[in-house]
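*Asks:* Pasting entry-v6.txt below, which is compact mmCIF, C-alpha atoms.
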# COMPACT_ATOMS: atom_id res chain seq x y z
CA MET A 1 111.67 57.85 -37.97
CA ALA A 2 113.62 59.30 -35.05
CA THR A 3 113.58 63.07 -34.77
CA THR A 4 115.90 64.34 -32.05
CA LEU A 5 119.62 63.71 -31.88
CA GLY A 6 119.13 61.56 -28.78
CA GLU A 7 116.63 59.41 -30.65
CA GLU A 8 118.95 59.17 -33.68
CA LEU A 9 121.81 58.11 -31.41
CA SER A 10 119.61 55.52 -29.74
CA ALA A 11 118.46 54.19 -33.13
CA SER A 12 122.12 54.10 -34.25
CA LEU A 13 123.09 51.92 -31.31
CA THR A 14 120.20 49.56 -32.04
CA ASN A 15 121.03 49.38 -35.75
CA ILE A 16 124.76 48.89 -35.23
CA THR A 17 124.11 46.13 -32.70
CA ALA A 18 121.86 44.37 -35.22
CA LEU A 19 124.54 44.70 -37.90
CA ILE A 20 127.27 43.38 -35.59
CA VAL A 21 125.15 40.28 -35.03
CA LYS A 22 124.59 39.85 -38.79
CA ALA A 23 127.93 41.02 -40.26
CA LYS A 24 129.65 38.57 -42.58
CA THR A 25 133.26 39.36 -41.77
CA LYS A 26 135.31 39.93 -38.67
CA SER A 27 136.72 43.21 -40.01
CA GLN A 28 133.19 44.60 -40.43
CA ARG A 29 132.29 43.53 -36.91
CA THR A 30 135.43 45.14 -35.56
CA ARG A 31 134.72 48.43 -37.29
CA LEU A 32 131.06 48.41 -36.28
CA THR A 33 132.01 47.62 -32.67
CA ARG A 34 134.39 50.58 -32.63
CA GLN A 35 131.72 52.86 -34.07
CA GLN A 36 129.22 51.56 -31.56
CA ALA A 37 131.56 52.47 -28.68
CA GLN A 38 131.98 55.99 -30.10
CA ILE A 39 128.24 56.48 -30.50
CA ALA A 40 127.54 55.08 -27.01
CA GLY A 41 130.03 57.62 -25.67
CA GLN A 42 128.24 60.44 -27.47
CA LEU A 43 124.85 59.25 -26.26
CA GLN A 44 126.21 59.31 -22.71
CA VAL A 45 127.09 62.98 -23.20
CA PHE A 46 123.51 63.71 -24.24
CA ILE A 47 122.18 61.85 -21.22
CA ASP A 48 124.42 63.86 -18.88
CA LYS A 49 124.09 67.27 -20.54
CA THR A 50 121.45 69.38 -22.23
CA VAL A 51 122.62 70.24 -25.72
CA ASP A 52 121.31 73.32 -27.52
CA GLU A 53 119.16 72.10 -30.41
CA ALA A 54 119.60 75.43 -32.20
CA LEU A 55 123.31 74.76 -32.88
CA SER A 56 124.07 74.17 -36.56
CA GLU A 57 126.35 71.28 -35.50
CA TYR A 58 123.37 69.67 -33.76
CA ARG A 59 121.31 69.72 -36.96
CA ALA A 60 124.26 68.50 -39.04
CA ALA A 61 124.92 65.60 -36.67
CA SER A 62 121.20 64.68 -36.55
CA SER A 63 120.98 64.75 -40.31
CA ALA A 64 124.14 62.64 -40.77
CA LEU A 65 122.92 60.09 -38.22
CA SER A 66 119.52 59.97 -39.87
CA ALA A 67 121.16 59.17 -43.22
CA ALA A 68 123.35 56.51 -41.59
CA ASN A 69 120.34 54.96 -39.86
CA ALA A 70 118.41 54.85 -43.13
CA GLU A 71 121.36 53.06 -44.76
CA ALA A 72 121.62 50.70 -41.77
CA GLU A 73 117.95 49.77 -42.15
CA LYS A 74 118.69 48.77 -45.77
CA ALA A 75 121.86 46.93 -44.73
CA LYS A 76 119.90 44.84 -42.24
CA ARG A 77 117.97 43.44 -45.22
CA ASP A 78 120.93 43.41 -47.62
CA LEU A 79 124.25 42.69 -45.94
CA ASP A 80 126.19 43.84 -49.02
CA ARG A 81 125.35 47.38 -47.89
CA VAL A 82 127.17 47.08 -44.56
CA ALA A 83 130.32 48.72 -45.96
CA ALA A 84 128.31 51.73 -47.17
CA THR A 85 126.63 51.93 -43.77
CA ILE A 86 129.99 51.97 -41.99
CA LYS A 87 131.06 54.89 -44.20
CA LYS A 88 127.90 56.84 -43.37
CA PHE A 89 128.31 56.19 -39.65
CA ALA A 90 131.93 57.35 -39.91
CA ALA A 91 130.73 60.63 -41.44
CA ALA A 92 128.09 60.99 -38.72
CA ILE A 93 130.69 60.36 -36.01
CA ASP A 94 132.79 63.20 -37.44
CA GLN A 95 129.74 65.50 -37.17
CA LEU A 96 129.18 64.31 -33.62
CA ALA A 97 132.79 65.09 -32.74
CA ALA A 98 132.31 68.63 -34.09
CA LEU A 99 129.20 69.02 -31.97
CA ALA A 100 130.94 67.61 -28.89
CA ALA A 101 133.77 70.11 -29.36
CA LYS A 102 131.26 72.95 -29.58
CA VAL A 103 129.41 71.75 -26.47
CA ALA A 104 132.66 71.36 -24.54
CA ALA A 105 133.75 74.89 -25.50
CA ALA A 106 130.41 76.45 -24.46
CA MET B 107 76.05 60.04 28.23
CA ALA B 108 78.03 59.16 31.36
CA SER B 109 79.98 62.43 31.70
CA LEU B 110 76.86 64.63 31.56
CA GLY B 111 75.07 62.35 33.99
CA ARG B 112 77.83 62.99 36.52
CA VAL B 113 76.96 66.72 36.66
CA PRO B 114 74.66 67.04 39.75
CA GLU B 115 72.42 69.82 38.32
CA ALA B 116 71.90 67.90 35.12
CA LYS B 117 71.17 64.70 36.98
CA ASP B 118 68.53 66.48 39.08
CA SER B 119 66.62 68.28 36.33
CA LEU B 120 66.84 65.77 33.47
CA SER B 121 65.66 62.20 33.24
CA ASP B 122 68.04 59.41 32.26
CA LYS B 123 66.30 59.15 28.90
CA GLN B 124 66.73 62.87 28.26
CA LEU B 125 70.40 62.69 29.27
CA GLU B 126 70.91 59.79 26.95
CA ALA B 127 69.27 61.70 24.07
CA ILE B 128 71.45 64.75 24.69
CA GLY B 129 74.51 62.52 24.82
CA THR B 130 73.63 60.99 21.48
CA VAL B 131 73.19 64.42 19.90
CA VAL B 132 76.52 65.64 21.32
CA GLN B 133 78.26 62.53 20.05
CA GLU B 134 76.76 62.93 16.58
CA VAL B 135 77.62 66.61 16.40
CA GLY B 136 81.12 65.86 17.68
CA GLY B 137 81.50 63.17 15.06
CA LEU B 138 80.33 65.50 12.31
CA TRP B 139 82.70 68.19 13.55
CA VAL B 140 85.64 65.75 13.43
CA GLU B 141 84.57 64.59 9.96
CA TRP B 142 84.27 68.20 8.80
CA LYS B 143 87.72 69.06 10.17
CA ARG B 144 89.12 65.91 8.57
CA LYS B 145 87.53 66.82 5.25
CA GLU B 146 88.90 70.35 5.52
CA ALA B 147 92.39 68.97 6.21
CA VAL B 148 92.22 66.55 3.26
CA THR B 149 90.92 69.31 0.98
CA THR B 150 93.82 71.56 1.96
CA ILE B 151 96.36 68.77 1.49
CA VAL B 152 94.97 67.76 -1.92
CA ARG B 153 94.83 71.37 -3.12
CA GLU B 154 98.35 72.22 -1.95
CA ALA B 155 99.94 68.95 -3.06
CA ARG B 156 98.44 68.91 -6.55
CA PRO B 157 101.17 70.89 -8.38
CA ALA B 158 103.92 68.88 -6.69
CA VAL B 159 102.24 65.54 -7.46
CA ASP B 160 101.63 66.63 -11.07
CA ARG B 161 105.26 67.66 -11.43
CA LEU B 162 106.45 64.39 -9.94
CA CYS B 163 104.25 62.42 -12.36
CA ASP B 164 105.53 64.47 -15.33
CA LEU B 165 109.14 63.87 -14.33
CA LEU B 166 108.58 60.15 -13.86
CA ALA B 167 106.78 59.84 -17.22
CA ARG B 168 109.57 61.80 -18.95
CA ASP B 169 112.54 60.08 -17.32
CA PHE B 170 111.16 56.54 -17.58
CA ALA B 171 109.68 56.89 -21.09
CA PRO B 172 110.61 53.73 -23.01
CA GLY B 173 112.99 54.64 -25.83
CA THR B 174 113.41 58.34 -25.08
CA GLY B 175 113.72 58.73 -21.30
CA TRP B 176 117.19 58.99 -19.85
CA VAL B 177 116.73 55.78 -17.84
CA ALA B 178 116.06 53.77 -21.01
CA LEU B 179 118.94 55.47 -22.85
CA GLN B 180 121.32 54.91 -19.95
CA LEU B 181 120.47 51.22 -19.94
CA GLN B 182 120.87 51.06 -23.73
CA VAL B 183 124.35 52.63 -23.51
CA ILE B 184 125.31 49.66 -21.35
CA GLU B 185 123.28 46.89 -23.01
CA ASP B 186 124.15 47.38 -26.69
CA PRO B 187 127.94 47.29 -26.23
CA LEU B 188 127.48 44.20 -24.02
CA ILE B 189 125.51 42.44 -26.78
CA ALA B 190 128.18 43.44 -29.31
CA GLU B 191 130.98 42.18 -27.09
CA ALA B 192 129.23 38.89 -26.40
CA THR B 193 128.48 38.47 -30.13
CA ASN B 194 132.14 39.02 -31.00
CA VAL B 195 133.19 36.43 -28.42
CA LEU B 196 130.56 34.02 -29.76
CA TYR B 197 131.93 34.35 -33.33
CA ASP B 198 135.61 34.52 -32.43
CA GLY B 199 135.65 32.17 -29.44
CA ARG B 200 138.33 29.50 -29.71
CA SER B 201 136.71 26.93 -27.46
CA TYR B 202 133.28 25.51 -26.80
CA ASP B 203 133.30 26.89 -23.24
CA GLU B 204 134.14 30.38 -24.46
CA ARG B 205 131.28 30.36 -26.95
CA LYS B 206 128.91 28.82 -24.40
CA ARG B 207 129.62 31.65 -21.94
CA ALA B 208 129.10 34.23 -24.69
CA SER B 209 125.78 32.63 -25.63
CA ALA B 210 124.64 32.71 -21.99
CA ALA B 211 125.66 36.39 -21.78
CA ILE B 212 123.58 37.24 -24.86
CA ASP B 213 120.58 35.43 -23.34
CA LEU B 214 121.03 37.34 -20.11
CA VAL B 215 121.21 40.74 -21.82
CA HIS B 216 118.16 39.97 -23.95
CA GLY B 217 116.21 38.81 -20.89
CA ASN B 218 117.12 41.95 -19.00
CA ARG B 219 116.20 44.10 -21.97
CA MET B 220 112.73 42.54 -22.11
CA ARG B 221 112.27 43.09 -18.38
CA ARG B 222 113.51 46.67 -18.71
CA THR B 223 110.98 47.36 -21.46
CA GLU B 224 108.15 45.99 -19.35
CA VAL B 225 109.13 47.80 -16.14
CA LEU B 226 109.64 51.15 -17.88
CA LYS B 227 106.19 50.90 -19.43
CA ARG B 228 104.63 50.08 -16.08
CA VAL B 229 106.28 53.07 -14.43
CA THR B 230 105.21 55.52 -17.16
CA ASP B 231 101.67 54.09 -17.26
CA ALA B 232 101.42 54.41 -13.49
CA ALA B 233 102.73 57.99 -13.57
CA VAL B 234 100.24 59.02 -16.26
CA ALA B 235 97.38 57.31 -14.42
CA MET B 236 98.39 58.92 -11.14
CA LYS B 237 98.39 62.37 -12.71
CA LYS B 238 94.89 61.78 -14.06
CA ALA B 239 93.73 60.54 -10.67
CA ASN B 240 95.31 63.56 -9.02
CA ALA B 241 93.43 65.91 -11.35
CA ALA B 242 90.16 64.06 -10.77
CA LEU B 243 90.66 64.16 -7.02
CA ALA B 244 91.46 67.88 -7.01
CA GLN B 245 88.38 68.56 -9.13
CA ALA B 246 86.20 66.48 -6.84
CA VAL B 247 87.55 68.28 -3.78
CA GLU B 248 86.87 71.69 -5.33
CA SER B 249 83.29 70.74 -6.14
CA SER B 250 82.77 69.29 -2.64
CA ALA B 251 81.61 66.08 -4.24
CA TRP B 252 84.61 63.93 -3.50
CA SER B 253 84.13 60.65 -1.80
CA ALA B 254 86.15 58.04 0.02
CA GLN B 255 86.25 56.10 -3.26
CA ASP B 256 88.06 58.97 -4.99
CA ILE B 257 90.73 59.00 -2.34
CA GLN B 258 90.94 55.22 -2.43
CA ALA B 259 91.35 55.24 -6.23
CA PHE B 260 94.14 57.78 -5.90
CA ALA B 261 95.83 55.71 -3.20
CA GLU B 262 95.63 52.64 -5.46
CA ARG B 263 97.32 54.52 -8.29
CA ALA B 264 100.01 55.69 -5.92
CA GLN B 265 100.41 52.13 -4.67
CA SER B 266 100.88 50.75 -8.21
CA LEU B 267 103.53 53.38 -8.87
CA ARG B 268 105.26 52.49 -5.62
CA ALA B 269 105.25 48.82 -6.63
CA ALA B 270 106.78 49.64 -10.02
CA VAL B 271 109.50 51.80 -8.47
CA LYS B 272 110.23 49.02 -5.99
CA ILE B 273 110.78 46.60 -8.89
CA ILE B 274 113.22 49.03 -10.51
CA VAL B 275 115.15 49.52 -7.29
CA LYS B 276 115.32 45.75 -6.72
CA GLU B 277 116.15 44.72 -10.27
Have the structure of the file written as structure tokens, please.
*Replies:*
Amino acid sequence: MATTLGEELSASLTNITALIVKAKTKSQRTRLTRQQAQIAGQLQVFIDKTVDEALSEYRAASSALSAANAEAEKAKRDLDRVAATIKKFAAAIDQLAALAAKVAAA
Amino acid sequence: MASLGRVPEAKDSLSDKQLEAIGTVVQEVGGLWVEWKRKEAVTTIVREARPAVDRLCDLLARDFAPGTGWVALQLQVIEDPLIAEATNVLYDGRSYDERKRASAAIDLVHGNRMRRTEVLKRVTDAAVAMKKANAALAQAVESSAWSAQDIQAFAERAQSLRAAVKIIVKE
């Protein structure tokens, strides 16, 4: 299992890509593609900047992404869980936005 | 030795055989002196360069680490959205040509991803090996037991790293 936020973000991109390839409906693909773009944008921030791992937002975002990745792993085997995965990634993206705001303000 | 033989006093008091023997000794001692100076220079270079080479190897191993290094992540940030885009075009394409182009794009991204994985591993392996060789060389120099083979082994490690970096720059 991934441990750092960077690793969680990387795993998220991999998982979302796999789900886009497997998704049953166009609407799911569209939503996953949008989420993938958001996560890729966040990962780019972590490539360009050093983010303080002690921030509570960092831990919250890591934890949310970890939960979303765990759900995505299940969804890859059972496509009926894609909708639940999208919800978890949406929650993780909100946490990432909070972290990005904190990093930008620092 | 021709130069000593040209000195008149030497020519008068020493036989040709004696001059030749002296010349041989001078040449040998000169050769040893050059070797010693060369060894001293290499020892100094190895000792002074070690921290910089170690640091360079650490940075290469960190930055090129497959999966976690920034190079791999930077490539992933580009590759994954490309795969997604091509997949969407493949599913939603309205003509055969459109879907054919999307399929070729997916193949291309997958091919590049495989090559990326291989090259990153080669760079990190080379960096780790070079650091080990650097440590072994420094240790050998300190114990005065280093040989030409040690330096050659180090040069080979450096060469393999150079080759890997060249591939990255090219591809």
*Asks:* With all atoms listed in the file considered, list every residue of chain A at most 9 Å from chain B, as a PDB file with C-alpha atoms, in the coordinates of the input.
*Replies:*
ATOM      1  CA  GLY A   6     119.130  61.560 -28.780  1.00  0.00           C
ATOM      2  CA  GLU A   7     116.630  59.410 -30.650  1.00  0.00           C
ATOM      3  CA  SER A  10     119.610  55.520 -29.740  1.00  0.00           C
ATOM      4  CA  LEU A  13     123.090  51.920 -31.310  1.00  0.00           C
ATOM      5  CA  THR A  14     120.200  49.560 -32.040  1.00  0.00           C
ATOM      6  CA  ILE A  16     124.760  48.890 -35.230  1.00  0.00           C
ATOM      7  CA  THR A  17     124.110  46.130 -32.700  1.00  0.00           C
ATOM      8  CA  ALA A  18     121.860  44.370 -35.220  1.00  0.00           C
ATOM      9  CA  ILE A  20     127.270  43.380 -35.590  1.00  0.00           C
ATOM     10  CA  VAL A  21     125.150  40.280 -35.030  1.00  0.00           C
ATOM     11  CA  LYS A  26     135.310  39.930 -38.670  1.00  0.00           C
ATOM     12  CA  ARG A  29     132.290  43.530 -36.910  1.00  0.00           C
ATOM     13  CA  THR A  30     135.430  45.140 -35.560  1.00  0.00           C
ATOM     14  CA  THR A  33     132.010  47.620 -32.670  1.00  0.00           C
ATOM     15  CA  GLN A  36     129.220  51.560 -31.560  1.00  0.00           C
ATOM     16  CA  ALA A  37     131.560  52.470 -28.680  1.00  0.00           C
ATOM     17  CA  ILE A  39     128.240  56.480 -30.500  1.00  0.00           C
ATOM     18  CA  ALA A  40     127.540  55.080 -27.010  1.00  0.00           C
ATOM     19  CA  GLY A  41     130.030  57.620 -25.670  1.00  0.00           C
ATOM     20  CA  LEU A  43     124.850  59.250 -26.260  1.00  0.00           C
ATOM     21  CA  GLN A  44     126.210  59.310 -22.710  1.00  0.00           C
ATOM     22  CA  ILE A  47     122.180  61.850 -21.220  1.00  0.00           C
ATOM     23  CA  ASP A  48     124.420  63.860 -18.880  1.00  0.00           C
TER      24      ASP A  48
END
*Asks:* Using all atoms listed in the file, list the residues that have an atom at most 12 Å from (127.9, 76.7, -21.8), coordinates as in the file, as a list in words.
*Replies:* Lys49, Thr50, Val51, Asp52, Ala100, Ala101, Lys102, Val103, Ala104, Ala105 and Ala106 of chain A
*Asks:* Quick one: everything within 7 Å of Arg205 of chain B, counting only C-alpha atoms, minus sequence neighbours fewer than 4 positions away in the same chain. Send it as number ranges by chain.
*Replies:* B: 195-196, 199, 201, 209
*Asks:* Using all atoms listed in the file, which of A:Ala67, A:Ala72, A:Ala54, A:Leu79 sits nearest Leu99 of chain A?
*Replies:*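 Among the listed residues, the smallest separation from Leu99 of chain A belongs to A:Ala54.
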*Asks:* What's the 10 Å shell around Asn218 of chain B, counting all atoms listed in the file, without same-chain residues fewer than 6 positions away, as a PDB file with C-alpha atoms, keeping the file's coordinate frame?
*Replies:*
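Full text of part_10.pdb as output:
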ATOM      1  CA  LEU B 181     120.470  51.220 -19.940  1.00  0.00           C
ATOM      2  CA  GLU B 185     123.280  46.890 -23.010  1.00  0.00           C
ATOM      3  CA  ILE B 212     123.580  37.240 -24.860  1.00  0.00           C
ATOM      4  CA  GLU B 224     108.150  45.990 -19.350  1.00  0.00           C
ATOM      5  CA  GLU B 277     116.150  44.720 -10.270  1.00  0.00           C
TER       6      GLU B 277
END
*Asks:* Work out how far apart atom CA of Ala97 of chain A and atom CA of Arg77 of chain A are and give it in Å to one decimal.
*Replies:*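 Rounded to one decimal, the two atoms are 29.1 Å apart.
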*Asks:* Taking all atoms listed in the file into account, which of A:Asn15, A:Thr4, A:Thr85, A:Gln38 comes nearest Ser62 of chain A?
*Replies:* A:Thr4
*Asks:* Figure out the distance between atom CA of Ala167 of chain B and atom CA of Ser66 of chain A, please, to one decimal in Å.
*Replies:*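 Between these atoms lies a distance of 26.0 Å.
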*Asks:* Would you list the residues near (130.7, 49.4, -42.7) (no more than 7 Å away, in the coordinates of the file, using only C-alpha atoms) as number ranges by chain?
*Replies:* A: 28, 31-32, 82-87
*Asks:* Figure out the distance between atom CA of Pro172 of chain B and atom CA of Thr223 of chain B, please, to one decimal in Å.
*Replies:*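 These two atoms are separated by 6.6 Å.
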*Asks:* A:Leu65, A:Gln95, A:Asp80, A:Ala90: which is nearest Thr25 of chain A, counting all atoms listed in the file?
*Replies:*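 For Thr25 of chain A, the nearest of the given residues is A:Asp80.
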*Asks:* Which is closest to Leu243 of chain B among B:Arg156, B:Lys227, B:Lys143, B:Lys123, if we use all atoms listed in the file?
*Replies:* B:Arg156
*Asks:* Please provide as an mmCIF file with C-alpha atoms, in the coordinates of the input all residues within 8 Å of Asp164 of chain B, with the sequence filter that same-chain residues fewer than 6 positions apart are discarded (counting only C-alpha atoms).
*Replies:*
data_model
loop_
_atom_site.group_PDB
_atom_site.id
_atom_site.type_symbol
_atom_site.label_atom_id
_atom_site.label_comp_id
_atom_site.auth_asym_id
_atom_site.auth_seq_id
_atom_site.Cartn_x
_atom_site.Cartn_y
_atom_site.Cartn_z
ATOM 1 C CA ALA B 233 102.730 57.990 -13.570
ATOM 2 C CA VAL B 234 100.240 59.020 -16.260
ATOM 3 C CA LYS B 237 98.390 62.370 -12.710
#
*Asks:* Box along x, y and z, 8 Å on every side, all listed atoms of segment 224-240 of chain B inside: centre and edge lengths in Å to one decimal, as AutoDock Vina command-line options.
*Replies:*
--center_x 101.7 --center_y 54.8 --center_z -14.2 --size_x 31.9 --size_y 33.6 --size_z 26.4
*Asks:* Write out as an mmCIF file with C-alpha atoms, in the frame of the given file the residues lying within 8 Å of Ala92 of chain A, counting all atoms listed in the file and excluding same-chain residues fewer than 6 positions away.
*Replies:*
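around39.cif, freshly written:
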data_model
loop_
_atom_site.group_PDB
_atom_site.id
_atom_site.type_symbol
_atom_site.label_atom_id
_atom_site.label_comp_id
_atom_site.auth_asym_id
_atom_site.auth_seq_id
_atom_site.Cartn_x
_atom_site.Cartn_y
_atom_site.Cartn_z
ATOM 1 C CA ALA A 61 124.920 65.600 -36.670
ATOM 2 C CA ALA A 64 124.140 62.640 -40.770
ATOM 3 C CA LEU A 65 122.920 60.090 -38.220
ATOM 4 C CA ALA A 68 123.350 56.510 -41.590
#
*Asks:* Kindly complete segment 150-170 of chain B to N, CA and C atoms; the output should be written as a PDB file, keeping the file's coordinate frame.
*Replies:*
ATOM      1  N   THR B 150      92.637  70.695   1.976  1.00  0.00           N
ATOM      2  CA  THR B 150      93.820  71.560   1.960  1.00  0.00           C
ATOM      3  C   THR B 150      95.033  70.803   1.424  1.00  0.00           C
ATOM      4  N   ILE B 151      95.199  69.570   1.909  1.00  0.00           N
ATOM      5  CA  ILE B 151      96.360  68.770   1.490  1.00  0.00           C
ATOM      6  C   ILE B 151      96.304  68.507  -0.020  1.00  0.00           C
ATOM      7  N   VAL B 152      95.117  68.079  -0.485  1.00  0.00           N
ATOM      8  CA  VAL B 152      94.970  67.760  -1.920  1.00  0.00           C
ATOM      9  C   VAL B 152      95.253  68.994  -2.766  1.00  0.00           C
ATOM     10  N   ARG B 153      94.673  70.141  -2.341  1.00  0.00           N
ATOM     11  CA  ARG B 153      94.830  71.370  -3.120  1.00  0.00           C
ATOM     12  C   ARG B 153      96.303  71.805  -3.165  1.00  0.00           C
ATOM     13  N   GLU B 154      96.957  71.742  -2.008  1.00  0.00           N
ATOM     14  CA  GLU B 154      98.350  72.220  -1.950  1.00  0.00           C
ATOM     15  C   GLU B 154      99.337  71.237  -2.582  1.00  0.00           C
ATOM     16  N   ALA B 155      98.989  69.958  -2.528  1.00  0.00           N
ATOM     17  CA  ALA B 155      99.940  68.950  -3.060  1.00  0.00           C
ATOM     18  C   ALA B 155      99.800  68.754  -4.557  1.00  0.00           C
ATOM     19  N   ARG B 156      98.688  69.216  -5.137  1.00  0.00           N
ATOM     20  CA  ARG B 156      98.440  68.910  -6.550  1.00  0.00           C
ATOM     21  C   ARG B 156      99.581  69.296  -7.491  1.00  0.00           C
ATOM     22  N   PRO B 157     100.087  70.544  -7.428  1.00  0.00           N
ATOM     23  CA  PRO B 157     101.170  70.890  -8.380  1.00  0.00           C
ATOM     24  C   PRO B 157     102.409  70.012  -8.194  1.00  0.00           C
ATOM     25  N   ALA B 158     102.725  69.704  -6.937  1.00  0.00           N
ATOM     26  CA  ALA B 158     103.920  68.880  -6.690  1.00  0.00           C
ATOM     27  C   ALA B 158     103.717  67.459  -7.205  1.00  0.00           C
ATOM     28  N   VAL B 159     102.515  66.916  -6.985  1.00  0.00           N
ATOM     29  CA  VAL B 159     102.240  65.540  -7.460  1.00  0.00           C
ATOM     30  C   VAL B 159     102.245  65.519  -8.987  1.00  0.00           C
ATOM     31  N   ASP B 160     101.636  66.550  -9.601  1.00  0.00           N
ATOM     32  CA  ASP B 160     101.630  66.630 -11.070  1.00  0.00           C
ATOM     33  C   ASP B 160     103.056  66.689 -11.622  1.00  0.00           C
ATOM     34  N   ARG B 161     103.864  67.499 -10.974  1.00  0.00           N
ATOM     35  CA  ARG B 161     105.260  67.660 -11.430  1.00  0.00           C
ATOM     36  C   ARG B 161     106.018  66.335 -11.291  1.00  0.00           C
ATOM     37  N   LEU B 162     105.801  65.680 -10.174  1.00  0.00           N
ATOM     38  CA  LEU B 162     106.450  64.390  -9.940  1.00  0.00           C
ATOM     39  C   LEU B 162     106.049  63.378 -11.016  1.00  0.00           C
ATOM     40  N   CYS B 163     104.746  63.355 -11.333  1.00  0.00           N
ATOM     41  CA  CYS B 163     104.250  62.420 -12.360  1.00  0.00           C
ATOM     42  C   CYS B 163     104.868  62.751 -13.723  1.00  0.00           C
ATOM     43  N   ASP B 164     104.938  64.057 -14.048  1.00  0.00           N
ATOM     44  CA  ASP B 164     105.530  64.470 -15.330  1.00  0.00           C
ATOM     45  C   ASP B 164     106.988  64.027 -15.424  1.00  0.00           C
ATOM     46  N   LEU B 165     107.709  64.235 -14.331  1.00  0.00           N
ATOM     47  CA  LEU B 165     109.140  63.870 -14.330  1.00  0.00           C
ATOM     48  C   LEU B 165     109.323  62.367 -14.468  1.00  0.00           C
ATOM     49  N   LEU B 166     108.483  61.614 -13.771  1.00  0.00           N
ATOM     50  CA  LEU B 166     108.580  60.150 -13.860  1.00  0.00           C
ATOM     51  C   LEU B 166     108.263  59.679 -15.275  1.00  0.00           C
ATOM     52  N   ALA B 167     107.185  60.236 -15.850  1.00  0.00           N
ATOM     53  CA  ALA B 167     106.780  59.840 -17.220  1.00  0.00           C
ATOM     54  C   ALA B 167     107.885  60.204 -18.212  1.00  0.00           C
ATOM     55  N   ARG B 168     108.507  61.361 -18.024  1.00  0.00           N
ATOM     56  CA  ARG B 168     109.570  61.800 -18.950  1.00  0.00           C
ATOM     57  C   ARG B 168     110.830  60.929 -18.793  1.00  0.00           C
ATOM     58  N   ASP B 169     111.273  60.773 -17.550  1.00  0.00           N
ATOM     59  CA  ASP B 169     112.540  60.080 -17.320  1.00  0.00           C
ATOM     60  C   ASP B 169     112.469  58.583 -17.609  1.00  0.00           C
ATOM     61  N   PHE B 170     111.284  57.987 -17.390  1.00  0.00           N
ATOM     62  CA  PHE B 170     111.160  56.540 -17.580  1.00  0.00           C
ATOM     63  C   PHE B 170     110.539  56.177 -18.936  1.00  0.00           C
TER      64      PHE B 170
END
